[in-house]
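Let me begin by presenting the structure, written as structure tokens, before commenting on it.
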Amino acid sequence: MRRENISLIVAASGNAVRFGGFPKAFCTIGREMNIERTIGYFKPYAAHIYVIVNEKTYKQYQGQVRGCELIPIVTGQGDAHSLLKGLQKIHTLNEFFVCWGDAVFLSDCLIRHLLKAAAGIGEQSIGISVCSLDKKPYAWFEADGKYIKKTYFAGKDGFQDEGIHDQSLFYFKDGSLAGLLEEYRNKLGITESADTSGGCEMKLLHAFEYFYRKGRPMEYILAESGHVMSFNTKEELSCIEKKIRLCQ
């Protein structure tokens, strides 16, 4: 059931270098764009849907996607920096979901699972990440009970046989995320107006470590794998399209 005080933010402002520069959220899968698929799955649960995009994408797709509001930004130094820039433009935000623009949802299972968990979120917790136990994940978490303590990336830390892997979907219980991300940005020495021209990247998954140290941790819940996929190349997108056709 839709909750009038909950929103969805789709972070889709990246430059998609490995995808030839085309905005991945607006790729066509079957007969619709992926962003339209995402809106369709979240519409029964979120009263407001915002899509954070770069200025080029905004000019190209403004007014072409129903059921959402496009929020244009200058892409920041990392996904968390871009998310922060978007949050600063959305002023009436209470509890909300965040997902990535290249997340391809195959059902609403994770949304329902996350909403159920949100009803019992801890007083100090800032939010919840939906995770699965996956083989050789590209990123995984070290946990302290139900809290995320540390984040690892395979590119830097090497692969792990199995790990607690995020499923590209997060819940935040109030608008305090923007303030914490602002603190984290300052800690990293990234200027407010910084773009993708270089320097330190501000990643949301790494920010969870900062939240833990500040006493506002992210919780995690485990769900079954296979309800969401993502892609970085056209070949990976083609594989996803084939899987969706087989499931229909």
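Letters A, B, ... mark the chains of the structure tokens in the order given; residue numbers begin at 1 per chain; ligand numbers begin at 1, in order shown.
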
**Item:** Residue set, segment 52-96 of chain A restricted to helix (DSSP H, G or I), as a count of residues only
**Value:** 16

**Request:** May I have the residues within 8 Å of Tyr184 of chain A as a PyMOL selection string, using only C-alpha atoms and disregarding those fewer than 4 positions away in the same chain?
**Result:** chain A and resi 180+188+207+210

Those same residues - N, CA and C atoms - I'd like them written as a short mmCIF file (atom, residue, chain, number, x, y, z; two decimals), in the first residue's frame.
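So the final result, stored in again_18.cif, reads:
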data_model
loop_
_atom_site.label_atom_id
_atom_site.label_comp_id
_atom_site.auth_asym_id
_atom_site.auth_seq_id
_atom_site.Cartn_x
_atom_site.Cartn_y
_atom_site.Cartn_z
N LEU A 180 24.40 14.26 7.26
CA LEU A 180 25.51 13.33 7.47
C LEU A 180 26.41 13.26 6.24
N LEU A 188 36.18 14.35 3.77
CA LEU A 188 36.98 13.91 2.64
C LEU A 188 37.68 15.06 1.93
N ALA A 207 30.37 5.57 2.84
CA ALA A 207 29.80 6.49 3.82
C ALA A 207 29.17 5.75 4.99
N TYR A 210 31.30 5.73 7.96
CA TYR A 210 31.26 7.01 8.68
C TYR A 210 30.01 7.09 9.55
#

**Request:** Might you pull out every residue within 9 Å of segment 116-127 of chain A, with only C-alpha atoms counted and same-chain residues fewer than 3 positions away left off, and present them as a ChimeraX atom specification?
**Result:** /A:111-113,147,170-174,176-177,211-212,215-221

Mind writing the picked residues with N, CA, C and O atoms as a PDB file, in the first residue's frame?
ATOM      1  N   ILE A 111      11.126  -4.432  -2.245  1.00  0.00           N
ATOM      2  CA  ILE A 111      10.441  -3.245  -1.721  1.00  0.00           C
ATOM      3  C   ILE A 111       9.559  -3.629  -0.536  1.00  0.00           C
ATOM      4  O   ILE A 111       9.583  -2.995   0.523  1.00  0.00           O
ATOM      5  N   ARG A 112       8.781  -4.679  -0.700  1.00  0.00           N
ATOM      6  CA  ARG A 112       7.893  -5.122   0.369  1.00  0.00           C
ATOM      7  C   ARG A 112       8.693  -5.591   1.587  1.00  0.00           C
ATOM      8  O   ARG A 112       8.333  -5.301   2.732  1.00  0.00           O
ATOM      9  N   HIS A 113       9.796  -6.302   1.335  1.00  0.00           N
ATOM     10  CA  HIS A 113      10.651  -6.790   2.410  1.00  0.00           C
ATOM     11  C   HIS A 113      11.243  -5.618   3.189  1.00  0.00           C
ATOM     12  O   HIS A 113      11.311  -5.637   4.427  1.00  0.00           O
ATOM     13  N   TYR A 147      24.164  -4.139  12.228  1.00  0.00           N
ATOM     14  CA  TYR A 147      24.659  -2.886  11.672  1.00  0.00           C
ATOM     15  C   TYR A 147      25.805  -3.104  10.685  1.00  0.00           C
ATOM     16  O   TYR A 147      26.607  -4.031  10.833  1.00  0.00           O
ATOM     17  N   PHE A 170      17.945   0.968  -0.838  1.00  0.00           N
ATOM     18  CA  PHE A 170      18.177   1.436   0.533  1.00  0.00           C
ATOM     19  C   PHE A 170      16.950   2.201   1.018  1.00  0.00           C
ATOM     20  O   PHE A 170      16.189   2.758   0.222  1.00  0.00           O
ATOM     21  N   TYR A 171      16.797   2.233   2.341  1.00  0.00           N
ATOM     22  CA  TYR A 171      15.719   2.991   2.972  1.00  0.00           C
ATOM     23  C   TYR A 171      16.342   3.922   4.004  1.00  0.00           C
ATOM     24  O   TYR A 171      17.245   3.520   4.750  1.00  0.00           O
ATOM     25  N   PHE A 172      15.865   5.171   4.041  1.00  0.00           N
ATOM     26  CA  PHE A 172      16.314   6.131   5.049  1.00  0.00           C
ATOM     27  C   PHE A 172      15.090   6.691   5.745  1.00  0.00           C
ATOM     28  O   PHE A 172      14.116   7.076   5.093  1.00  0.00           O
ATOM     29  N   LYS A 173      15.143   6.727   7.060  1.00  0.00           N
ATOM     30  CA  LYS A 173      13.915   6.988   7.808  1.00  0.00           C
ATOM     31  C   LYS A 173      13.573   8.465   7.952  1.00  0.00           C
ATOM     32  O   LYS A 173      12.469   8.807   8.370  1.00  0.00           O
ATOM     33  N   ASP A 174      14.519   9.374   7.629  1.00  0.00           N
ATOM     34  CA  ASP A 174      14.215  10.803   7.710  1.00  0.00           C
ATOM     35  C   ASP A 174      15.209  11.583   6.855  1.00  0.00           C
ATOM     36  O   ASP A 174      16.076  11.000   6.192  1.00  0.00           O
ATOM     37  N   SER A 176      17.715  13.358   7.662  1.00  0.00           N
ATOM     38  CA  SER A 176      19.032  13.643   8.233  1.00  0.00           C
ATOM     39  C   SER A 176      20.173  13.096   7.388  1.00  0.00           C
ATOM     40  O   SER A 176      21.338  13.399   7.652  1.00  0.00           O
ATOM     41  N   LEU A 177      19.877  12.293   6.363  1.00  0.00           N
ATOM     42  CA  LEU A 177      20.938  11.763   5.507  1.00  0.00           C
ATOM     43  C   LEU A 177      21.745  12.893   4.873  1.00  0.00           C
ATOM     44  O   LEU A 177      22.980  12.818   4.791  1.00  0.00           O
ATOM     45  N   PHE A 211      28.877   6.663   9.010  1.00  0.00           N
ATOM     46  CA  PHE A 211      27.640   6.675   9.790  1.00  0.00           C
ATOM     47  C   PHE A 211      27.784   5.818  11.051  1.00  0.00           C
ATOM     48  O   PHE A 211      27.307   6.197  12.128  1.00  0.00           O
ATOM     49  N   TYR A 212      28.425   4.666  10.900  1.00  0.00           N
ATOM     50  CA  TYR A 212      28.625   3.754  12.045  1.00  0.00           C
ATOM     51  C   TYR A 212      29.447   4.441  13.134  1.00  0.00           C
ATOM     52  O   TYR A 212      29.102   4.381  14.319  1.00  0.00           O
ATOM     53  N   GLY A 215      27.619   6.986  15.241  1.00  0.00           N
ATOM     54  CA  GLY A 215      26.503   6.517  16.055  1.00  0.00           C
ATOM     55  C   GLY A 215      25.157   6.593  15.370  1.00  0.00           C
ATOM     56  O   GLY A 215      24.112   6.541  16.022  1.00  0.00           O
ATOM     57  N   ARG A 216      25.158   6.702  14.023  1.00  0.00           N
ATOM     58  CA  ARG A 216      23.920   6.693  13.224  1.00  0.00           C
ATOM     59  C   ARG A 216      24.031   5.593  12.175  1.00  0.00           C
ATOM     60  O   ARG A 216      24.031   5.856  10.978  1.00  0.00           O
ATOM     61  N   PRO A 217      24.145   4.347  12.587  1.00  0.00           N
ATOM     62  CA  PRO A 217      24.500   3.273  11.651  1.00  0.00           C
ATOM     63  C   PRO A 217      23.393   2.904  10.683  1.00  0.00           C
ATOM     64  O   PRO A 217      22.212   3.159  10.914  1.00  0.00           O
ATOM     65  N   MET A 218      23.828   2.288   9.579  1.00  0.00           N
ATOM     66  CA  MET A 218      22.915   1.629   8.655  1.00  0.00           C
ATOM     67  C   MET A 218      22.699   0.205   9.130  1.00  0.00           C
ATOM     68  O   MET A 218      23.659  -0.516   9.427  1.00  0.00           O
ATOM     69  N   GLU A 219      21.464  -0.220   9.195  1.00  0.00           N
ATOM     70  CA  GLU A 219      21.146  -1.623   9.427  1.00  0.00           C
ATOM     71  C   GLU A 219      21.171  -2.350   8.082  1.00  0.00           C
ATOM     72  O   GLU A 219      21.162  -1.716   7.022  1.00  0.00           O
ATOM     73  N   TYR A 220      21.200  -3.663   8.137  1.00  0.00           N
ATOM     74  CA  TYR A 220      21.043  -4.433   6.905  1.00  0.00           C
ATOM     75  C   TYR A 220      20.077  -5.580   7.170  1.00  0.00           C
ATOM     76  O   TYR A 220      19.927  -6.056   8.291  1.00  0.00           O
ATOM     77  N   ILE A 221      19.392  -5.984   6.125  1.00  0.00           N
ATOM     78  CA  ILE A 221      18.524  -7.154   6.187  1.00  0.00           C
ATOM     79  C   ILE A 221      18.896  -8.057   5.015  1.00  0.00           C
ATOM     80  O   ILE A 221      19.346  -7.580   3.973  1.00  0.00           O
TER      81      ILE A 221
END

**Request:** Based on DSSP run over this structure's backbone, return all residues of segment 3-230 of chain A in strand (DSSP E), as a VMD selection string.
**Result:** chain A and resid 3 to 11 28 to 29 32 to 33 46 to 54 69 to 73 95 to 100 104 to 105 127 to 135 139 to 144 147 to 153 162 to 172 218 to 222 228 to 229

**Request:** Tell me which of A:Val130, A:Ala11, A:Ala80, A:Leu106 sits closest to Gly226 of chain A, counting only C-alpha atoms.
**Result:**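 Counting only C-alpha atoms, the residue closest to Gly226 of chain A is A:Leu106.
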
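The residue that comes closest to Thr191 of chain A, out of A:Gln160, A:Gln77, A:Thr57, A:Ser168 and on the basis of only C-alpha atoms, is A:Gln77.
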
**Prompt:** At what distance in Å, to one decimal, does atom CA of Pro23 of chain A lie from atom CA of Phe97 of chain A?
**Reply:**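 Separation of atom CA of Phe97 of chain A and atom CA of Pro23 of chain A: 20.7 Å.
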
**Asked** With distances taken over only C-alpha atoms, which of A:Cys200, A:Ile29, A:Ala194, A:Val104 is nearest to Ile73 of chain A?
**Response** A:Ala194

**Message:** Under the rule that only C-alpha atoms are counted, which of A:Thr151, A:Ser7, A:Gln88, A:Asn94 is the nearest residue to Ala139 of chain A?
**Reply:**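 Nearest to Ala139 of chain A: A:Thr151.
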
**Request:** Would you mind telling me which residue in A:Asp195, A:Arg37, A:Gly76, A:Lys136 lies nearest to Asp161 of chain A when using only C-alpha atoms?
**Result:** A:Lys136

**Request:** Name the residues in contact with Trp140 of chain A at a cut-off of 8 Å, using only C-alpha atoms, excluding same-chain residues fewer than 3 positions from it; report them as a list in words.
**Result:**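 Here the qualifying residues turn out to be Pro137, Thr151, Tyr152, Phe153, Gly163, Ile164, His165 and Asp166 of chain A.
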
Could those selected residues go to a file with all heavy atoms, as a PDB file, in the first residue's frame?
ATOM      1  N   PRO A 137      31.071 -11.257  -4.433  1.00  0.00           N
ATOM      2  CA  PRO A 137      30.461  -9.962  -4.741  1.00  0.00           C
ATOM      3  C   PRO A 137      31.510  -8.901  -5.048  1.00  0.00           C
ATOM      4  O   PRO A 137      32.648  -8.978  -4.583  1.00  0.00           O
ATOM      5  CB  PRO A 137      29.711  -9.627  -3.450  1.00  0.00           C
ATOM      6  CG  PRO A 137      30.507 -10.316  -2.378  1.00  0.00           C
ATOM      7  CD  PRO A 137      30.975 -11.601  -3.008  1.00  0.00           C
ATOM      8  N   THR A 151      32.942  -1.450   4.762  1.00  0.00           N
ATOM      9  CA  THR A 151      32.654  -1.815   3.386  1.00  0.00           C
ATOM     10  C   THR A 151      33.939  -2.206   2.668  1.00  0.00           C
ATOM     11  O   THR A 151      34.978  -1.562   2.837  1.00  0.00           O
ATOM     12  CB  THR A 151      32.011  -0.634   2.635  1.00  0.00           C
ATOM     13  OG1 THR A 151      30.838  -0.218   3.335  1.00  0.00           O
ATOM     14  CG2 THR A 151      31.630  -1.036   1.221  1.00  0.00           C
ATOM     15  N   TYR A 152      33.873  -3.257   1.861  1.00  0.00           N
ATOM     16  CA  TYR A 152      35.009  -3.716   1.074  1.00  0.00           C
ATOM     17  C   TYR A 152      34.621  -3.738  -0.397  1.00  0.00           C
ATOM     18  O   TYR A 152      33.474  -4.026  -0.747  1.00  0.00           O
ATOM     19  CB  TYR A 152      35.440  -5.122   1.503  1.00  0.00           C
ATOM     20  CG  TYR A 152      35.907  -5.215   2.939  1.00  0.00           C
ATOM     21  CD1 TYR A 152      34.995  -5.489   3.965  1.00  0.00           C
ATOM     22  CD2 TYR A 152      37.241  -5.023   3.275  1.00  0.00           C
ATOM     23  CE1 TYR A 152      35.407  -5.569   5.288  1.00  0.00           C
ATOM     24  CE2 TYR A 152      37.668  -5.107   4.596  1.00  0.00           C
ATOM     25  CZ  TYR A 152      36.752  -5.377   5.592  1.00  0.00           C
ATOM     26  OH  TYR A 152      37.167  -5.448   6.905  1.00  0.00           O
ATOM     27  N   PHE A 153      35.591  -3.451  -1.266  1.00  0.00           N
ATOM     28  CA  PHE A 153      35.397  -3.527  -2.707  1.00  0.00           C
ATOM     29  C   PHE A 153      36.428  -4.483  -3.287  1.00  0.00           C
ATOM     30  O   PHE A 153      37.609  -4.410  -2.965  1.00  0.00           O
ATOM     31  CB  PHE A 153      35.543  -2.155  -3.353  1.00  0.00           C
ATOM     32  CG  PHE A 153      34.366  -1.245  -3.119  1.00  0.00           C
ATOM     33  CD1 PHE A 153      34.344  -0.403  -2.022  1.00  0.00           C
ATOM     34  CD2 PHE A 153      33.288  -1.246  -3.989  1.00  0.00           C
ATOM     35  CE1 PHE A 153      33.266   0.443  -1.794  1.00  0.00           C
ATOM     36  CE2 PHE A 153      32.206  -0.407  -3.772  1.00  0.00           C
ATOM     37  CZ  PHE A 153      32.186   0.438  -2.673  1.00  0.00           C
ATOM     38  N   GLY A 163      29.822 -12.975   0.512  1.00  0.00           N
ATOM     39  CA  GLY A 163      29.747 -11.778   1.328  1.00  0.00           C
ATOM     40  C   GLY A 163      28.357 -11.183   1.371  1.00  0.00           C
ATOM     41  O   GLY A 163      27.482 -11.509   0.561  1.00  0.00           O
ATOM     42  N   ILE A 164      28.145 -10.283   2.331  1.00  0.00           N
ATOM     43  CA  ILE A 164      26.898  -9.548   2.482  1.00  0.00           C
ATOM     44  C   ILE A 164      26.909  -8.419   1.458  1.00  0.00           C
ATOM     45  O   ILE A 164      27.628  -7.435   1.598  1.00  0.00           O
ATOM     46  CB  ILE A 164      26.753  -8.980   3.907  1.00  0.00           C
ATOM     47  CG1 ILE A 164      26.814 -10.093   4.949  1.00  0.00           C
ATOM     48  CG2 ILE A 164      25.455  -8.198   4.045  1.00  0.00           C
ATOM     49  CD1 ILE A 164      26.934  -9.582   6.389  1.00  0.00           C
ATOM     50  N   HIS A 165      26.127  -8.581   0.420  1.00  0.00           N
ATOM     51  CA  HIS A 165      26.195  -7.716  -0.769  1.00  0.00           C
ATOM     52  C   HIS A 165      24.914  -6.903  -0.896  1.00  0.00           C
ATOM     53  O   HIS A 165      23.812  -7.466  -0.879  1.00  0.00           O
ATOM     54  CB  HIS A 165      26.401  -8.614  -1.991  1.00  0.00           C
ATOM     55  CG  HIS A 165      26.431  -7.875  -3.281  1.00  0.00           C
ATOM     56  ND1 HIS A 165      25.922  -8.411  -4.450  1.00  0.00           N
ATOM     57  CD2 HIS A 165      26.897  -6.646  -3.616  1.00  0.00           C
ATOM     58  CE1 HIS A 165      26.076  -7.555  -5.432  1.00  0.00           C
ATOM     59  NE2 HIS A 165      26.668  -6.472  -4.959  1.00  0.00           N
ATOM     60  N   ASP A 166      25.048  -5.583  -1.036  1.00  0.00           N
ATOM     61  CA  ASP A 166      23.849  -4.750  -1.189  1.00  0.00           C
ATOM     62  C   ASP A 166      23.130  -5.085  -2.494  1.00  0.00           C
ATOM     63  O   ASP A 166      23.737  -5.516  -3.467  1.00  0.00           O
ATOM     64  CB  ASP A 166      24.220  -3.268  -1.153  1.00  0.00           C
ATOM     65  CG  ASP A 166      24.810  -2.779  -2.465  1.00  0.00           C
ATOM     66  OD1 ASP A 166      26.042  -2.903  -2.648  1.00  0.00           O
ATOM     67  OD2 ASP A 166      24.040  -2.296  -3.304  1.00  0.00           O
TER      68      ASP A 166
END

Hey, what's within 9 Å of segment 43-49 of chain A if we count only C-alpha atoms and toss same-chain stuff fewer than 5 positions away? As a PDB file with N, CA and C atoms, in the first residue's frame, please?
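New file selection_8.pdb:
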ATOM      1  N   MET A   1       0.845  -1.204   0.000  1.00  0.00           N
ATOM      2  CA  MET A   1       0.000   0.000   0.000  1.00  0.00           C
ATOM      3  C   MET A   1       0.876   1.247   0.000  1.00  0.00           C
ATOM      4  N   ARG A   2       0.483   2.268  -0.763  1.00  0.00           N
ATOM      5  CA  ARG A   2       1.237   3.514  -0.827  1.00  0.00           C
ATOM      6  C   ARG A   2       1.212   4.223   0.521  1.00  0.00           C
ATOM      7  N   ARG A   3       2.343   4.771   0.920  1.00  0.00           N
ATOM      8  CA  ARG A   3       2.448   5.564   2.145  1.00  0.00           C
ATOM      9  C   ARG A   3       2.684   7.001   1.715  1.00  0.00           C
ATOM     10  N   GLU A   4       1.823   7.905   2.145  1.00  0.00           N
ATOM     11  CA  GLU A   4       1.845   9.275   1.646  1.00  0.00           C
ATOM     12  C   GLU A   4       3.104  10.040   2.041  1.00  0.00           C
ATOM     13  N   ASN A   5       3.822   9.567   3.065  1.00  0.00           N
ATOM     14  CA  ASN A   5       5.001  10.307   3.508  1.00  0.00           C
ATOM     15  C   ASN A   5       6.306   9.683   3.043  1.00  0.00           C
ATOM     16  N   ILE A   6       6.260   8.725   2.130  1.00  0.00           N
ATOM     17  CA  ILE A   6       7.479   8.078   1.670  1.00  0.00           C
ATOM     18  C   ILE A   6       7.723   8.403   0.193  1.00  0.00           C
ATOM     19  N   SER A   7       8.998   8.600  -0.146  1.00  0.00           N
ATOM     20  CA  SER A   7       9.380   8.942  -1.508  1.00  0.00           C
ATOM     21  C   SER A   7      10.398   7.927  -2.022  1.00  0.00           C
ATOM     22  N   LEU A   8      10.654   7.994  -3.306  1.00  0.00           N
ATOM     23  CA  LEU A   8      11.735   7.240  -3.930  1.00  0.00           C
ATOM     24  C   LEU A   8      12.662   8.221  -4.618  1.00  0.00           C
ATOM     25  N   ILE A   9      13.970   8.052  -4.398  1.00  0.00           N
ATOM     26  CA  ILE A   9      14.970   8.810  -5.134  1.00  0.00           C
ATOM     27  C   ILE A   9      15.769   7.821  -5.969  1.00  0.00           C
ATOM     28  N   VAL A  10      15.772   8.033  -7.275  1.00  0.00           N
ATOM     29  CA  VAL A  10      16.569   7.222  -8.191  1.00  0.00           C
ATOM     30  C   VAL A  10      17.814   8.028  -8.546  1.00  0.00           C
ATOM     31  N   THR A  38      11.194   0.849 -13.209  1.00  0.00           N
ATOM     32  CA  THR A  38      11.400   1.156 -11.790  1.00  0.00           C
ATOM     33  C   THR A  38      10.202   1.900 -11.215  1.00  0.00           C
ATOM     34  N   GLY A  67       5.185  10.170 -14.115  1.00  0.00           N
ATOM     35  CA  GLY A  67       5.187   9.591 -12.773  1.00  0.00           C
ATOM     36  C   GLY A  67       6.389   9.934 -11.938  1.00  0.00           C
ATOM     37  N   CYS A  68       7.219  10.895 -12.388  1.00  0.00           N
ATOM     38  CA  CYS A  68       8.399  11.260 -11.613  1.00  0.00           C
ATOM     39  C   CYS A  68       8.769  12.702 -11.901  1.00  0.00           C
ATOM     40  N   GLU A  69       9.670  13.229 -11.077  1.00  0.00           N
ATOM     41  CA  GLU A  69      10.238  14.560 -11.285  1.00  0.00           C
ATOM     42  C   GLU A  69      11.735  14.412 -11.486  1.00  0.00           C
ATOM     43  N   LEU A  70      12.251  14.933 -12.604  1.00  0.00           N
ATOM     44  CA  LEU A  70      13.683  14.903 -12.849  1.00  0.00           C
ATOM     45  C   LEU A  70      14.352  16.055 -12.102  1.00  0.00           C
ATOM     46  N   PHE A  96      12.369   7.819   2.895  1.00  0.00           N
ATOM     47  CA  PHE A  96      12.498   7.616   1.453  1.00  0.00           C
ATOM     48  C   PHE A  96      13.368   6.414   1.131  1.00  0.00           C
ATOM     49  N   PHE A  97      13.109   5.861  -0.053  1.00  0.00           N
ATOM     50  CA  PHE A  97      13.966   4.845  -0.651  1.00  0.00           C
ATOM     51  C   PHE A  97      15.016   5.533  -1.507  1.00  0.00           C
ATOM     52  N   ILE A 111      11.126  -4.432  -2.245  1.00  0.00           N
ATOM     53  CA  ILE A 111      10.441  -3.245  -1.721  1.00  0.00           C
ATOM     54  C   ILE A 111       9.559  -3.629  -0.536  1.00  0.00           C
ATOM     55  N   ARG A 112       8.781  -4.679  -0.700  1.00  0.00           N
ATOM     56  CA  ARG A 112       7.893  -5.122   0.369  1.00  0.00           C
ATOM     57  C   ARG A 112       8.693  -5.591   1.587  1.00  0.00           C
ATOM     58  N   LEU A 115      10.070  -2.448   3.382  1.00  0.00           N
ATOM     59  CA  LEU A 115       9.031  -1.716   4.117  1.00  0.00           C
ATOM     60  C   LEU A 115       8.673  -2.411   5.424  1.00  0.00           C
TER      61      LEU A 115
END

**d(atom CA of Ser225 of chain A, atom CA of Val98 of chain A) in Å** =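 Calculated distance between atom CA of Ser225 of chain A and atom CA of Val98 of chain A is 18.4 Å.
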